[in-house]
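Undergrad: Encoded as structure tokens, here's the structure I'll be asking about.
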Amino acid sequence: MTSQNGKMGGRLLAIEGSGGRSMTVAAKRLVRDLKRENVEAGICSWDASAIFFQILNGVRGIPAPSPRTLILLYASDLAFRLRWQILPALEEGQTVIAAPYLESVIGFGRAAGLPRLWLKNVFQFAPAPSAVWRVPERSAAVSRRTAPAESFLEFSLSQLRGGPASWDTEEIRRGFHYHLEQLAAHGKCKTAGETP
Amino acid sequence: MPLTHHRVAGKRLSDLVRQRESKRGLLIAFEGPDGSGKTTQRKLFKGWLKSEGHDVVTTKWNSSELVKPLVKARKRARSLSPEEFCLLHSADFRYRLETEILPALWAGKTVIADRFLFTALARDAARGLDLSWLLEVYYPLFWPDIVFYFSVSPETSGKRISAERSPSYYESGQDVTQIDDPLVSYTRFISRVIREYEALAQIFQFVTVDAEQSIFDQHRLIRGLFQSHERKPWKDQNRSAVMEWISHRPELIKA
């Protein structure tokens, strides 16, 4: 079972992964499972502030942002999500499922070689979730990966492939999943499908 | 687990950065509150540097093609919280550092920054954000070789700004003061910003220019200070930022 989020009364749950349909399915399944316990929950997705949508549809042909810049943009979007969606709901005692929340961006940053401490410090404004689930990337999904517009990881990898800096994006992807696997291995998150 | 394919051993990168030291360009930041006349001085200084044979690049605050449109849209909608504002500016700063400033310095060009990260530290701290968090957001910090700080009183800043236009919502700090009158809000907010600047000027040893002097006197002072400036190697933090940037630039490493 999960605990409540501090003084706020509500409960913040996080679903982490590379995004797309599998994340949506996992979030909806969690909503359904919670409903069976008579708990109403809402889902809060990434890019609520439309930062990444605007970049995707913005100026073309400019140098790609680095992982550090992408993480700062994610942080800005998360600050927006917290202000308008997550914190107001928690203050009203509701349950919020943030998909993704912190560990996806931390996994991306770690896989790109950024220091854990920096990532932790930048995101210190975000309250810790009561429970975290990871959504593994299944082999069936690899052949039809999520579009950049649907996931922070895919958005970031597509940006990094744009140059001029040189990044091994497949290695970052592996590092990202490794981070989530390690969290699960150390009991810091569950794998989607487990009960809340 | 190896992190990235193109990462090069730290020692080699460190040697590469050290070897570049004598050929690299200088970074000169112009800082100060609105209405302190730094843009006028920056333009005069740039013209003079060019006449002296320097290859000069200018970078302005919140000017990247990546982030500027995002900030502009959100400013128009008045939808930015201090944290979001700060994080978007930090993304703009990092992006410009990695795509404009460092490539120019590496190529031996002189970079003039019309506002640098101290603008963020002063304004965001004046908006109530914690300075230690701000320093984390801008990590790894990159220090200019010289910071010219244009010092004016809140009254002078207010007079100069109001002589030209009414300050905008965020410029006047109405998002934090909650004061309806932009000029009254501006005076309150800029006093806080100047207090933060004055503290930063002491901590980070800015070269303070009395911006209430005549334009020519200020320009002459800046020229003299620049000419007498003793070139020093990059600090460790600058080297870390450069190493992080160059570690994914195989073409520079090979060159």
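Labels used: A, B, ... for chains in the order of the structure tokens, numbers from 1 for residues in each chain, and numbers from 1 for ligands as shown.
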Could you list, as a count of residues only, every residue of chain A that has an atom within 7 Å of an atom of chain B, counting only C-alpha atoms?

TA: 23

Undergrad: Find the spatial neighbours of stretch 207-218 of chain B, counting only C-alpha atoms, within a cut-off of 10 Å - ignore same-chain residues fewer than 4 positions away - and output them as a ChimeraX atom specification.

TA: /B:30-32,35-38,40-41,44,146-153,156-157,198,201-202,222-225

Undergrad: Work out how far apart atom CA of A:Ala89 and atom CA of A:Met23 are and give it in Å to one decimal.

TA: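 Computing it gives 21.0 Å between the two atoms.
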
Undergrad: In Å, rounded to a single decimal, give me how far atom CA of B:Pro182 is from atom CA of B:Lys60.

TA: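 A separation of 24.4 Å between them.
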
Undergrad: For A:Val25, which residue out of A:Ala99, A:Arg68, A:Arg110, A:Lys188 is the nearest one, using only C-alpha atoms?

TA: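 Nearest candidate to A:Val25 out of A:Ala99, A:Arg68, A:Arg110, A:Lys188: A:Ala99.
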
Undergrad: Measure the distance from atom CA of A:Glu16 to atom CA of A:Val132 in Å and round it to one decimal.

TA: 7.2 Å

Undergrad: Could you pull out the strand (DSSP E) residues of stretch 184-221 of chain B from DSSP and send them as a PyMOL selection string?

TA: chain B and resi 207-210

Undergrad: Just the selected residues (C-alpha atoms), exported as a JSON list (two decimals), in the first residue's frame, please.

TA:
[["chain", "number", "residue", "atom", "x", "y", "z"],
["B", 207, "VAL", "CA", 34.14, 45.62, -11.46],
["B", 208, "THR", "CA", 31.65, 48.26, -10.40],
["B", 209, "VAL", "CA", 31.06, 51.17, -12.78],
["B", 210, "ASP", "CA", 29.23, 54.23, -11.49]]

Undergrad: Using DSSP on the backbone coordinates, identify all residues within stretch 43-200 of chain B classified as alpha helix (DSSP H); present the result as an MDAnalysis selection string.

TA: chainID B and resid 43:51 68:76 82:96 102:106 117:126 131:137 154:164 174:177 182:200

Undergrad: Between A:Trp46, A:Tyr74, A:Phe52, A:Trp133, which has the minimum distance to A:Leu183 (counting only C-alpha atoms)?

TA: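 For A:Leu183, the nearest of the candidates is A:Trp133.
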
Undergrad: So that I can see what lies close to stretch 143-145 of chain B, please list as a list in words the residues with an atom at most 10 Å from it, counting only C-alpha atoms and leaving out residues fewer than 6 positions away in the same chain.

TA: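 That gives Gly25, Leu26, Leu27, Ile28, Ala29, Phe30, Val111, Ile112, Ala113, Phe116, Leu117, Phe118, Phe204, Phe206, His229, Glu230, Arg231, Lys232, Pro233, Trp234, Lys235, Gln237 and Asn238 of chain B.
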